[in-house]
Amino acid sequence: MSAVSRLGVVLTALAALVAFTTGTAAQATPETPHTAVLDGTRLQQTKLRLDRGDRELRAAVRALRARADNWLDQGPWTVVDKPRPAPGGDVHDYLSQAPYWWPTTPPTADNPWGCPYVQRDGERNPEVDSGTDRQDVEKTFDSVYDLSLAWYYTGERRYARKAGQVLRTWFLAPATRMNPNLDHAQFIPCRFDGRAIGIVDFSQSFTSVLDALALLDTGAPGWTRSDRAGMAKWNRDFLGWLRTSDFGKEEAAATNNHGTFYDMQLAALAYATGDRELARRTVLGVRSTRIAAQIAADGSQPQELTRTRSWHYSTFALVAHTRLAAIGRHVGVDLWAYQGPAGQSLFRAVDYLLPAATGAAAWPHPELGFLRYAATDVVHAAADAGDARARRAVRSLEAPPGGDLWALRPAAEQLDSLAG
């Protein structure tokens, strides 16, 4: 062996040693993740840019690292930790409480909930964040997404290992796993043991979990074949519940944002579990049942404008629409190109938000707590899809708390979550 060859071997060994001792795993060509919402090829290209020292991405990576680091000493969370089980009595059943329903009388020994409950739209009852699984499931979903993205882009093992621990605790470990149903989501004390609209608790954030799983499946340390098989089965079982349960059928028939989010969750699960035909059929149906039916000719969303949080719900509904469009890309359906009979389209819906999203004009509809950055991701999505007005608006968008991560995870999230 020549001196040059020996030097090459030594340098390679040193690089491997550095990677091992620092907890990183360098990849010459990162694997393309089989993501359901995110564009896996785009993620791979972004990873390559980072590996080559792209300076434009450094700020976003710092922000992502900060989010991931914050999760390292939290959790894992589990449905069995709540103080009382769901109405059915099984601690493994997920439980959440309707956020806008309030007691009418002080609790007593004979009436511990203060029933009856009445609705106050847009006003969140703080008791829903104690005694149920709602906040814990949000932490589970958000942490897994941040940690998996951080591992994919940095190669640091600690992020992957933490993500795996969180997933196994919530979904897989026999003592702590969640049953794959939402039979007791958004219950109302003394009124309903669960409601179909509770399915929205999982919709947007759980599709992020599906993408996190795809990222880990590219070779994350500690994420085993058994883990992958267990999550695949859980997802198939949950998809079956969504399609066949009375709650699932009711939510599928909803004509507002609940129906859109149901379709988005169904399409993502179908794609992630290998049923491309169901995913494609679902996305195709969105054109007439969601876009044409829910968006007006001027781009407004009339059902959302009647809410006390009309800005939040207008952006919220478009999170589902734009994520459906992202899923459609994987199955050959271009939702961005669709126009309804009166010209309804996703581009018009996003453009309707631009004056308020850029700060050029006040939002002219009721809103209890306006946050301009709520529209940032959906404007990014429209800009990437070719909307010239949205592209011009990007420079005037307000970054959400923690920074704008669009460059690293280009799929819309609800940035002004009301989940607590």
# chains A, B, ... in the order shown; residues from 1 in each chain; ligands from 1
$ select_by_dssp --residues "stretch 233-280 of chain A" --states "helix (DSSP H, G or I)" --output "PDB file with N, CA, C and O atoms, in the first residue's frame"
ATOM      1  N   LYS A 233     -48.472  -1.734  12.108  1.00  0.00           N
ATOM      2  CA  LYS A 233     -49.719  -2.379  12.528  1.00  0.00           C
ATOM      3  C   LYS A 233     -50.642  -1.376  13.217  1.00  0.00           C
ATOM      4  O   LYS A 233     -51.856  -1.363  12.963  1.00  0.00           O
ATOM      5  N   TRP A 234     -50.083  -0.540  14.098  1.00  0.00           N
ATOM      6  CA  TRP A 234     -50.912   0.458  14.777  1.00  0.00           C
ATOM      7  C   TRP A 234     -51.575   1.368  13.751  1.00  0.00           C
ATOM      8  O   TRP A 234     -52.776   1.671  13.843  1.00  0.00           O
ATOM      9  N   ASN A 235     -50.834   1.786  12.760  1.00  0.00           N
ATOM     10  CA  ASN A 235     -51.388   2.674  11.731  1.00  0.00           C
ATOM     11  C   ASN A 235     -52.469   1.989  10.906  1.00  0.00           C
ATOM     12  O   ASN A 235     -53.488   2.603  10.562  1.00  0.00           O
ATOM     13  N   ARG A 236     -52.277   0.726  10.585  1.00  0.00           N
ATOM     14  CA  ARG A 236     -53.308  -0.003   9.843  1.00  0.00           C
ATOM     15  C   ARG A 236     -54.577  -0.140  10.680  1.00  0.00           C
ATOM     16  O   ARG A 236     -55.694   0.027  10.170  1.00  0.00           O
ATOM     17  N   ASP A 237     -54.405  -0.446  11.957  1.00  0.00           N
ATOM     18  CA  ASP A 237     -55.567  -0.590  12.837  1.00  0.00           C
ATOM     19  C   ASP A 237     -56.300   0.744  12.993  1.00  0.00           C
ATOM     20  O   ASP A 237     -57.540   0.789  12.993  1.00  0.00           O
ATOM     21  N   PHE A 238     -55.565   1.819  13.126  1.00  0.00           N
ATOM     22  CA  PHE A 238     -56.172   3.135  13.276  1.00  0.00           C
ATOM     23  C   PHE A 238     -56.881   3.543  11.986  1.00  0.00           C
ATOM     24  O   PHE A 238     -57.993   4.096  12.010  1.00  0.00           O
ATOM     25  N   LEU A 239     -56.285   3.248  10.851  1.00  0.00           N
ATOM     26  CA  LEU A 239     -56.935   3.518   9.572  1.00  0.00           C
ATOM     27  C   LEU A 239     -58.240   2.739   9.469  1.00  0.00           C
ATOM     28  O   LEU A 239     -59.265   3.277   9.006  1.00  0.00           O
ATOM     29  N   GLY A 240     -58.222   1.487   9.896  1.00  0.00           N
ATOM     30  CA  GLY A 240     -59.452   0.699   9.883  1.00  0.00           C
ATOM     31  C   GLY A 240     -60.530   1.307  10.759  1.00  0.00           C
ATOM     32  O   GLY A 240     -61.704   1.348  10.372  1.00  0.00           O
ATOM     33  N   TRP A 241     -60.137   1.802  11.943  1.00  0.00           N
ATOM     34  CA  TRP A 241     -61.115   2.445  12.822  1.00  0.00           C
ATOM     35  C   TRP A 241     -61.677   3.707  12.167  1.00  0.00           C
ATOM     36  O   TRP A 241     -62.888   3.945  12.212  1.00  0.00           O
ATOM     37  N   LEU A 242     -60.828   4.515  11.551  1.00  0.00           N
ATOM     38  CA  LEU A 242     -61.296   5.733  10.891  1.00  0.00           C
ATOM     39  C   LEU A 242     -62.314   5.426   9.800  1.00  0.00           C
ATOM     40  O   LEU A 242     -63.291   6.163   9.616  1.00  0.00           O
ATOM     41  N   ARG A 243     -62.115   4.347   9.079  1.00  0.00           N
ATOM     42  CA  ARG A 243     -62.977   4.031   7.941  1.00  0.00           C
ATOM     43  C   ARG A 243     -64.279   3.347   8.344  1.00  0.00           C
ATOM     44  O   ARG A 243     -65.288   3.499   7.646  1.00  0.00           O
ATOM     45  N   THR A 244     -64.273   2.597   9.441  1.00  0.00           N
ATOM     46  CA  THR A 244     -65.427   1.744   9.736  1.00  0.00           C
ATOM     47  C   THR A 244     -66.230   2.166  10.959  1.00  0.00           C
ATOM     48  O   THR A 244     -67.379   1.758  11.097  1.00  0.00           O
ATOM     49  N   ASP A 246     -68.488   4.404  13.613  1.00  0.00           N
ATOM     50  CA  ASP A 246     -69.557   5.390  13.435  1.00  0.00           C
ATOM     51  C   ASP A 246     -69.000   6.807  13.497  1.00  0.00           C
ATOM     52  O   ASP A 246     -69.420   7.676  12.721  1.00  0.00           O
ATOM     53  N   PHE A 247     -68.068   7.046  14.415  1.00  0.00           N
ATOM     54  CA  PHE A 247     -67.463   8.374  14.505  1.00  0.00           C
ATOM     55  C   PHE A 247     -66.706   8.721  13.227  1.00  0.00           C
ATOM     56  O   PHE A 247     -66.776   9.850  12.728  1.00  0.00           O
ATOM     57  N   GLY A 248     -65.965   7.762  12.704  1.00  0.00           N
ATOM     58  CA  GLY A 248     -65.226   8.015  11.470  1.00  0.00           C
ATOM     59  C   GLY A 248     -66.146   8.344  10.313  1.00  0.00           C
ATOM     60  O   GLY A 248     -65.896   9.274   9.543  1.00  0.00           O
ATOM     61  N   LYS A 249     -67.225   7.587  10.184  1.00  0.00           N
ATOM     62  CA  LYS A 249     -68.168   7.845   9.098  1.00  0.00           C
ATOM     63  C   LYS A 249     -68.841   9.209   9.259  1.00  0.00           C
ATOM     64  O   LYS A 249     -69.075   9.924   8.278  1.00  0.00           O
ATOM     65  N   GLU A 250     -69.153   9.569  10.503  1.00  0.00           N
ATOM     66  CA  GLU A 250     -69.781  10.874  10.749  1.00  0.00           C
ATOM     67  C   GLU A 250     -68.833  12.019  10.400  1.00  0.00           C
ATOM     68  O   GLU A 250     -69.233  13.017   9.800  1.00  0.00           O
ATOM     69  N   GLU A 251     -67.581  11.873  10.781  1.00  0.00           N
ATOM     70  CA  GLU A 251     -66.612  12.933  10.494  1.00  0.00           C
ATOM     71  C   GLU A 251     -66.327  13.028   8.999  1.00  0.00           C
ATOM     72  O   GLU A 251     -66.132  14.118   8.456  1.00  0.00           O
ATOM     73  N   ALA A 252     -66.322  11.899   8.318  1.00  0.00           N
ATOM     74  CA  ALA A 252     -66.129  11.903   6.869  1.00  0.00           C
ATOM     75  C   ALA A 252     -67.230  12.686   6.168  1.00  0.00           C
ATOM     76  O   ALA A 252     -67.000  13.316   5.124  1.00  0.00           O
ATOM     77  N   ASN A 257     -64.435  22.258   8.106  1.00  0.00           N
ATOM     78  CA  ASN A 257     -63.019  21.884   8.193  1.00  0.00           C
ATOM     79  C   ASN A 257     -62.817  20.501   8.808  1.00  0.00           C
ATOM     80  O   ASN A 257     -61.799  19.859   8.547  1.00  0.00           O
ATOM     81  N   HIS A 258     -63.765  20.015   9.593  1.00  0.00           N
ATOM     82  CA  HIS A 258     -63.632  18.671  10.162  1.00  0.00           C
ATOM     83  C   HIS A 258     -63.584  17.617   9.052  1.00  0.00           C
ATOM     84  O   HIS A 258     -62.813  16.659   9.123  1.00  0.00           O
ATOM     85  N   GLY A 259     -64.423  17.784   8.044  1.00  0.00           N
ATOM     86  CA  GLY A 259     -64.402  16.849   6.927  1.00  0.00           C
ATOM     87  C   GLY A 259     -63.100  16.924   6.152  1.00  0.00           C
ATOM     88  O   GLY A 259     -62.558  15.897   5.711  1.00  0.00           O
ATOM     89  N   THR A 260     -62.577  18.135   5.983  1.00  0.00           N
ATOM     90  CA  THR A 260     -61.313  18.307   5.266  1.00  0.00           C
ATOM     91  C   THR A 260     -60.171  17.651   6.027  1.00  0.00           C
ATOM     92  O   THR A 260     -59.332  16.950   5.447  1.00  0.00           O
ATOM     93  N   PHE A 261     -60.129  17.872   7.333  1.00  0.00           N
ATOM     94  CA  PHE A 261     -59.076  17.254   8.133  1.00  0.00           C
ATOM     95  C   PHE A 261     -59.211  15.735   8.161  1.00  0.00           C
ATOM     96  O   PHE A 261     -58.208  15.010   8.181  1.00  0.00           O
ATOM     97  N   TYR A 262     -60.448  15.239   8.169  1.00  0.00           N
ATOM     98  CA  TYR A 262     -60.637  13.790   8.111  1.00  0.00           C
ATOM     99  C   TYR A 262     -60.030  13.241   6.815  1.00  0.00           C
ATOM    100  O   TYR A 262     -59.288  12.253   6.827  1.00  0.00           O
ATOM    101  N   ASP A 263     -60.346  13.882   5.688  1.00  0.00           N
ATOM    102  CA  ASP A 263     -59.812  13.420   4.403  1.00  0.00           C
ATOM    103  C   ASP A 263     -58.288  13.470   4.396  1.00  0.00           C
ATOM    104  O   ASP A 263     -57.632  12.559   3.866  1.00  0.00           O
ATOM    105  N   MET A 264     -57.739  14.516   4.979  1.00  0.00           N
ATOM    106  CA  MET A 264     -56.284  14.644   5.015  1.00  0.00           C
ATOM    107  C   MET A 264     -55.649  13.519   5.815  1.00  0.00           C
ATOM    108  O   MET A 264     -54.664  12.898   5.396  1.00  0.00           O
ATOM    109  N   GLN A 265     -56.225  13.226   6.975  1.00  0.00           N
ATOM    110  CA  GLN A 265     -55.698  12.145   7.807  1.00  0.00           C
ATOM    111  C   GLN A 265     -55.861  10.791   7.115  1.00  0.00           C
ATOM    112  O   GLN A 265     -54.954   9.953   7.136  1.00  0.00           O
ATOM    113  N   LEU A 266     -57.010  10.571   6.502  1.00  0.00           N
ATOM    114  CA  LEU A 266     -57.269   9.308   5.816  1.00  0.00           C
ATOM    115  C   LEU A 266     -56.300   9.110   4.662  1.00  0.00           C
ATOM    116  O   LEU A 266     -55.712   8.027   4.493  1.00  0.00           O
ATOM    117  N   ALA A 267     -56.118  10.145   3.837  1.00  0.00           N
ATOM    118  CA  ALA A 267     -55.227  10.036   2.678  1.00  0.00           C
ATOM    119  C   ALA A 267     -53.791   9.784   3.111  1.00  0.00           C
ATOM    120  O   ALA A 267     -53.076   8.968   2.506  1.00  0.00           O
ATOM    121  N   ALA A 268     -53.341  10.485   4.160  1.00  0.00           N
ATOM    122  CA  ALA A 268     -51.967  10.300   4.625  1.00  0.00           C
ATOM    123  C   ALA A 268     -51.756   8.895   5.172  1.00  0.00           C
ATOM    124  O   ALA A 268     -50.736   8.247   4.885  1.00  0.00           O
ATOM    125  N   LEU A 269     -52.705   8.406   5.957  1.00  0.00           N
ATOM    126  CA  LEU A 269     -52.591   7.047   6.506  1.00  0.00           C
ATOM    127  C   LEU A 269     -52.636   6.003   5.400  1.00  0.00           C
ATOM    128  O   LEU A 269     -51.885   5.019   5.430  1.00  0.00           O
ATOM    129  N   ALA A 270     -53.527   6.206   4.440  1.00  0.00           N
ATOM    130  CA  ALA A 270     -53.610   5.263   3.323  1.00  0.00           C
ATOM    131  C   ALA A 270     -52.282   5.200   2.582  1.00  0.00           C
ATOM    132  O   ALA A 270     -51.762   4.118   2.278  1.00  0.00           O
ATOM    133  N   TYR A 271     -51.716   6.357   2.290  1.00  0.00           N
ATOM    134  CA  TYR A 271     -50.445   6.392   1.560  1.00  0.00           C
ATOM    135  C   TYR A 271     -49.332   5.756   2.382  1.00  0.00           C
ATOM    136  O   TYR A 271     -48.544   4.950   1.871  1.00  0.00           O
ATOM    137  N   ALA A 272     -49.271   6.097   3.674  1.00  0.00           N
ATOM    138  CA  ALA A 272     -48.201   5.589   4.526  1.00  0.00           C
ATOM    139  C   ALA A 272     -48.273   4.077   4.712  1.00  0.00           C
ATOM    140  O   ALA A 272     -47.246   3.418   4.905  1.00  0.00           O
ATOM    141  N   ARG A 276     -52.151   3.187  -2.010  1.00  0.00           N
ATOM    142  CA  ARG A 276     -52.077   4.376  -2.854  1.00  0.00           C
ATOM    143  C   ARG A 276     -53.406   4.676  -3.542  1.00  0.00           C
ATOM    144  O   ARG A 276     -53.744   5.843  -3.766  1.00  0.00           O
ATOM    145  N   GLU A 277     -54.166   3.652  -3.865  1.00  0.00           N
ATOM    146  CA  GLU A 277     -55.436   3.867  -4.545  1.00  0.00           C
ATOM    147  C   GLU A 277     -56.418   4.599  -3.641  1.00  0.00           C
ATOM    148  O   GLU A 277     -57.122   5.522  -4.077  1.00  0.00           O
ATOM    149  N   LEU A 278     -56.488   4.213  -2.378  1.00  0.00           N
ATOM    150  CA  LEU A 278     -57.361   4.914  -1.436  1.00  0.00           C
ATOM    151  C   LEU A 278     -56.888   6.351  -1.247  1.00  0.00           C
ATOM    152  O   LEU A 278     -57.709   7.274  -1.197  1.00  0.00           O
ATOM    153  N   ALA A 279     -55.581   6.536  -1.153  1.00  0.00           N
ATOM    154  CA  ALA A 279     -55.051   7.899  -1.006  1.00  0.00           C
ATOM    155  C   ALA A 279     -55.422   8.752  -2.207  1.00  0.00           C
ATOM    156  O   ALA A 279     -55.888   9.894  -2.061  1.00  0.00           O
ATOM    157  N   ARG A 280     -55.253   8.208  -3.404  1.00  0.00           N
ATOM    158  CA  ARG A 280     -55.559   8.968  -4.618  1.00  0.00           C
ATOM    159  C   ARG A 280     -57.053   9.261  -4.713  1.00  0.00           C
ATOM    160  O   ARG A 280     -57.463  10.389  -5.028  1.00  0.00           O
TER     161      ARG A 280
END
$ residues_around --residues "stretch 226-231 of chain A" --least-positions-apart "2" --cutoff "10 Å" --atoms "only C-alpha atoms" --output "list of chain:residue names"
A:Gly164, A:Leu167, A:Arg168, A:Phe171, A:Leu172, A:Ala173, A:Leu210, A:Leu213, A:Ala214, A:Leu216, A:Asp217, A:Gly222, A:Trp223, A:Thr224, A:Lys233, A:Trp234, A:Asn235, A:Arg236, A:Asp237
$ residues_around --residues "A:Trp113" --least-positions-apart "6" --cutoff "9 Å" --atoms "only C-alpha atoms" --output "ChimeraX atom specification"
/A:103,105-107,189-190
$ write_last_selection --atoms "N, CA, C and O atoms" --output "PDB file, in the first residue's frame"
ATOM      1  N   PRO A 103     -68.862  24.500  32.475  1.00  0.00           N
ATOM      2  CA  PRO A 103     -69.882  24.170  33.477  1.00  0.00           C
ATOM      3  C   PRO A 103     -70.731  25.394  33.805  1.00  0.00           C
ATOM      4  O   PRO A 103     -70.275  26.533  33.686  1.00  0.00           O
ATOM      5  N   THR A 105     -72.586  25.520  36.829  1.00  0.00           N
ATOM      6  CA  THR A 105     -72.726  25.657  38.277  1.00  0.00           C
ATOM      7  C   THR A 105     -71.436  25.210  38.962  1.00  0.00           C
ATOM      8  O   THR A 105     -70.668  24.424  38.380  1.00  0.00           O
ATOM      9  N   PRO A 106     -71.161  25.672  40.152  1.00  0.00           N
ATOM     10  CA  PRO A 106     -69.975  25.209  40.882  1.00  0.00           C
ATOM     11  C   PRO A 106     -70.090  23.714  41.174  1.00  0.00           C
ATOM     12  O   PRO A 106     -71.178  23.205  41.452  1.00  0.00           O
ATOM     13  N   PRO A 107     -68.986  22.991  41.111  1.00  0.00           N
ATOM     14  CA  PRO A 107     -69.010  21.551  41.414  1.00  0.00           C
ATOM     15  C   PRO A 107     -69.449  21.288  42.856  1.00  0.00           C
ATOM     16  O   PRO A 107     -69.145  22.062  43.764  1.00  0.00           O
ATOM     17  N   PRO A 189     -68.682  16.393  29.710  1.00  0.00           N
ATOM     18  CA  PRO A 189     -69.175  15.790  30.957  1.00  0.00           C
ATOM     19  C   PRO A 189     -70.700  15.826  31.062  1.00  0.00           C
ATOM     20  O   PRO A 189     -71.338  16.829  30.714  1.00  0.00           O
ATOM     21  N   CYS A 190     -71.236  14.709  31.496  1.00  0.00           N
ATOM     22  CA  CYS A 190     -72.682  14.563  31.720  1.00  0.00           C
ATOM     23  C   CYS A 190     -73.495  14.666  30.437  1.00  0.00           C
ATOM     24  O   CYS A 190     -74.726  14.796  30.497  1.00  0.00           O
TER      25      CYS A 190
END
$ closest_atom_pairs --of "stretch 240-346 of chain A" --to "stretch 354-360 of chain A" --cutoff "12 Å" --atoms "only C-alpha atoms" --output "tab-separated table"
residue	atom	partner	partner_atom	distance
A:Gly299	CA	A:Leu354	CA	10.9
A:Ser300	CA	A:Leu354	CA	11.5
A:Trp311	CA	A:Ala356	CA	9.2
A:His312	CA	A:Ala357	CA	11.6
A:Ser314	CA	A:Ala357	CA	11.7
A:Thr315	CA	A:Ala357	CA	10.1
$ closest_residue --among "A:Ala411, A:Val166, A:Val319, A:Ala375" --to "A:Ser396" --atoms "only C-alpha atoms"
A:Ala375
$ residues_around --residues "A:Pro366" --least-positions-apart "5" --cutoff "7 Å" --atoms "only C-alpha atoms" --output "list in words"
Thr308, Arg309 and Ser310 of chain A
$ atom_distance --atom1 "atom CA of A:Gln414" --atom2 "atom CA of A:Val283"
20.3 Å
$ residues_around --residues "A:Leu182" --least-positions-apart "6" --cutoff "10 Å" --atoms "only C-alpha atoms" --output "list in words"
Asp93, Tyr94, Leu95, Ser96, Gly194, Arg195, Ala196, Ile197, Gly198, Ile199, Val200, Asp201, Phe202, Phe238, Trp241, Leu242, Ser245, Phe247 and Gly248 of chain A
$ write_last_selection --atoms "N, CA, C and O atoms" --output "PDB file, in the first residue's frame"
ATOM      1  N   ASP A  93     -57.425   3.880  26.471  1.00  0.00           N
ATOM      2  CA  ASP A  93     -58.201   4.682  25.518  1.00  0.00           C
ATOM      3  C   ASP A  93     -57.855   6.152  25.678  1.00  0.00           C
ATOM      4  O   ASP A  93     -57.779   6.682  26.802  1.00  0.00           O
ATOM      5  N   TYR A  94     -57.650   6.809  24.559  1.00  0.00           N
ATOM      6  CA  TYR A  94     -57.382   8.243  24.554  1.00  0.00           C
ATOM      7  C   TYR A  94     -58.606   9.002  25.039  1.00  0.00           C
ATOM      8  O   TYR A  94     -59.745   8.656  24.715  1.00  0.00           O
ATOM      9  N   LEU A  95     -58.369  10.076  25.810  1.00  0.00           N
ATOM     10  CA  LEU A  95     -59.454  10.900  26.338  1.00  0.00           C
ATOM     11  C   LEU A  95     -59.114  12.374  26.166  1.00  0.00           C
ATOM     12  O   LEU A  95     -58.020  12.818  26.524  1.00  0.00           O
ATOM     13  N   SER A  96     -60.047  13.125  25.598  1.00  0.00           N
ATOM     14  CA  SER A  96     -59.936  14.587  25.594  1.00  0.00           C
ATOM     15  C   SER A  96     -61.310  15.171  25.854  1.00  0.00           C
ATOM     16  O   SER A  96     -62.330  14.490  25.729  1.00  0.00           O
ATOM     17  N   GLY A 194     -67.994  10.722  24.153  1.00  0.00           N
ATOM     18  CA  GLY A 194     -67.046  10.983  23.080  1.00  0.00           C
ATOM     19  C   GLY A 194     -67.820  11.516  21.896  1.00  0.00           C
ATOM     20  O   GLY A 194     -69.048  11.364  21.826  1.00  0.00           O
ATOM     21  N   ARG A 195     -67.107  12.157  20.960  1.00  0.00           N
ATOM     22  CA  ARG A 195     -67.797  12.737  19.807  1.00  0.00           C
ATOM     23  C   ARG A 195     -66.958  12.561  18.546  1.00  0.00           C
ATOM     24  O   ARG A 195     -65.713  12.554  18.609  1.00  0.00           O
ATOM     25  N   ALA A 196     -67.620  12.486  17.425  1.00  0.00           N
ATOM     26  CA  ALA A 196     -66.913  12.312  16.160  1.00  0.00           C
ATOM     27  C   ALA A 196     -65.946  13.452  15.902  1.00  0.00           C
ATOM     28  O   ALA A 196     -64.856  13.236  15.355  1.00  0.00           O
ATOM     29  N   ILE A 197     -66.330  14.665  16.280  1.00  0.00           N
ATOM     30  CA  ILE A 197     -65.461  15.801  15.980  1.00  0.00           C
ATOM     31  C   ILE A 197     -64.143  15.728  16.739  1.00  0.00           C
ATOM     32  O   ILE A 197     -63.201  16.458  16.416  1.00  0.00           O
ATOM     33  N   GLY A 198     -64.053  14.831  17.730  1.00  0.00           N
ATOM     34  CA  GLY A 198     -62.786  14.655  18.430  1.00  0.00           C
ATOM     35  C   GLY A 198     -61.688  14.084  17.557  1.00  0.00           C
ATOM     36  O   GLY A 198     -60.507  14.160  17.912  1.00  0.00           O
ATOM     37  N   ILE A 199     -62.048  13.537  16.406  1.00  0.00           N
ATOM     38  CA  ILE A 199     -61.036  13.005  15.487  1.00  0.00           C
ATOM     39  C   ILE A 199     -60.052  14.096  15.074  1.00  0.00           C
ATOM     40  O   ILE A 199     -58.888  13.827  14.795  1.00  0.00           O
ATOM     41  N   VAL A 200     -60.514  15.347  15.077  1.00  0.00           N
ATOM     42  CA  VAL A 200     -59.639  16.450  14.671  1.00  0.00           C
ATOM     43  C   VAL A 200     -58.482  16.622  15.654  1.00  0.00           C
ATOM     44  O   VAL A 200     -57.468  17.243  15.315  1.00  0.00           O
ATOM     45  N   ASP A 201     -58.596  16.074  16.867  1.00  0.00           N
ATOM     46  CA  ASP A 201     -57.475  16.120  17.813  1.00  0.00           C
ATOM     47  C   ASP A 201     -56.204  15.537  17.195  1.00  0.00           C
ATOM     48  O   ASP A 201     -55.093  15.968  17.524  1.00  0.00           O
ATOM     49  N   PHE A 202     -56.358  14.518  16.363  1.00  0.00           N
ATOM     50  CA  PHE A 202     -55.209  13.824  15.792  1.00  0.00           C
ATOM     51  C   PHE A 202     -54.830  14.320  14.397  1.00  0.00           C
ATOM     52  O   PHE A 202     -53.690  14.140  13.972  1.00  0.00           O
ATOM     53  N   PHE A 238     -55.565   1.819  13.126  1.00  0.00           N
ATOM     54  CA  PHE A 238     -56.172   3.135  13.276  1.00  0.00           C
ATOM     55  C   PHE A 238     -56.881   3.543  11.986  1.00  0.00           C
ATOM     56  O   PHE A 238     -57.993   4.096  12.010  1.00  0.00           O
ATOM     57  N   TRP A 241     -60.137   1.802  11.943  1.00  0.00           N
ATOM     58  CA  TRP A 241     -61.115   2.445  12.822  1.00  0.00           C
ATOM     59  C   TRP A 241     -61.677   3.707  12.167  1.00  0.00           C
ATOM     60  O   TRP A 241     -62.888   3.945  12.212  1.00  0.00           O
ATOM     61  N   LEU A 242     -60.828   4.515  11.551  1.00  0.00           N
ATOM     62  CA  LEU A 242     -61.296   5.733  10.891  1.00  0.00           C
ATOM     63  C   LEU A 242     -62.314   5.426   9.800  1.00  0.00           C
ATOM     64  O   LEU A 242     -63.291   6.163   9.616  1.00  0.00           O
ATOM     65  N   SER A 245     -65.670   2.954  11.857  1.00  0.00           N
ATOM     66  CA  SER A 245     -66.391   3.332  13.072  1.00  0.00           C
ATOM     67  C   SER A 245     -67.493   4.339  12.753  1.00  0.00           C
ATOM     68  O   SER A 245     -67.435   5.061  11.755  1.00  0.00           O
ATOM     69  N   PHE A 247     -68.068   7.046  14.415  1.00  0.00           N
ATOM     70  CA  PHE A 247     -67.463   8.374  14.505  1.00  0.00           C
ATOM     71  C   PHE A 247     -66.706   8.721  13.227  1.00  0.00           C
ATOM     72  O   PHE A 247     -66.776   9.850  12.728  1.00  0.00           O
ATOM     73  N   GLY A 248     -65.965   7.762  12.704  1.00  0.00           N
ATOM     74  CA  GLY A 248     -65.226   8.015  11.470  1.00  0.00           C
ATOM     75  C   GLY A 248     -66.146   8.344  10.313  1.00  0.00           C
ATOM     76  O   GLY A 248     -65.896   9.274   9.543  1.00  0.00           O
TER      77      GLY A 248
END
$ closest_residue --among "A:Asn70, A:Thr255, A:Asp377, A:Pro85" --to "A:Ala293" --atoms "only C-alpha atoms"
A:Thr255
$ residues_around --residues "A:Gln339" --least-positions-apart "3" --cutoff "12 Å" --atoms "only C-alpha atoms" --output "PyMOL selection string"
chain A and resi 286-288+290-293+295-297+299+334-336+342-349
$ write_last_selection --atoms "C-alpha atoms" --output "mmCIF file, in the first residue's frame"
data_model
loop_
_atom_site.group_PDB
_atom_site.id
_atom_site.type_symbol
_atom_site.label_atom_id
_atom_site.label_comp_id
_atom_site.auth_asym_id
_atom_site.auth_seq_id
_atom_site.Cartn_x
_atom_site.Cartn_y
_atom_site.Cartn_z
ATOM 1 C CA VAL A 286 -61.509 16.769 -2.183
ATOM 2 C CA ARG A 287 -61.871 18.910 -5.293
ATOM 3 C CA SER A 288 -65.658 18.971 -5.291
ATOM 4 C CA ARG A 290 -64.032 20.413 0.037
ATOM 5 C CA ILE A 291 -62.513 23.067 -2.244
ATOM 6 C CA ALA A 292 -65.598 23.890 -4.335
ATOM 7 C CA ALA A 293 -67.935 23.463 -1.385
ATOM 8 C CA ILE A 295 -64.213 28.148 -0.566
ATOM 9 C CA ALA A 296 -66.123 31.079 -2.113
ATOM 10 C CA ALA A 297 -65.365 32.676 -5.458
ATOM 11 C CA GLY A 299 -61.306 33.019 -1.791
ATOM 12 C CA ASP A 334 -52.649 18.454 -8.478
ATOM 13 C CA LEU A 335 -55.096 20.137 -6.113
ATOM 14 C CA TRP A 336 -53.459 23.518 -6.641
ATOM 15 C CA ALA A 342 -67.187 29.721 -9.641
ATOM 16 C CA GLY A 343 -63.398 29.843 -9.784
ATOM 17 C CA GLN A 344 -62.872 28.504 -6.248
ATOM 18 C CA SER A 345 -59.269 27.426 -5.696
ATOM 19 C CA LEU A 346 -56.611 27.011 -3.067
ATOM 20 C CA PHE A 347 -54.654 29.894 -4.586
ATOM 21 C CA ARG A 348 -57.608 32.241 -4.135
ATOM 22 C CA ALA A 349 -58.139 31.068 -0.577
#
$ closest_residue --among "A:Gln186, A:Thr104, A:Asn256, A:Thr289" --to "A:Leu305" --atoms "only C-alpha atoms"
A:Asn256
$ residues_around --residues "A:Ala220" --least-positions-apart "6" --cutoff "9 Å" --atoms "only C-alpha atoms" --output "list of chain:residue names"
A:Ser148, A:Trp151, A:Tyr152, A:Gly155, A:Arg157, A:Ala160, A:Arg161, A:Gly164
$ closest_residue --among "A:Tyr352, A:Glu398, A:Ala68, A:Asp73" --to "A:Arg372" --atoms "only C-alpha atoms"
A:Glu398
$ select_by_dssp --residues "stretch 97-285 of chain A" --states "strand (DSSP E)" --output "ChimeraX atom specification"
/A:101-103,117-119
$ closest_residue --among "A:Ala109, A:Ala36, A:Val79, A:Leu371" --to "A:Arg323" --atoms "only C-alpha atoms"
A:Ala36
$ closest_residue --among "A:Ala163, A:Ala98, A:Val209, A:Ala254" --to "A:Arg191" --atoms "only C-alpha atoms"
A:Ala98
$ atom_distance --atom1 "atom CA of A:Ala212" --atom2 "atom CA of A:Leu397"
26.6 Å
$ atom_distance --atom1 "atom CA of A:Val128" --atom2 "atom CA of A:Gln204"
19.5 Å
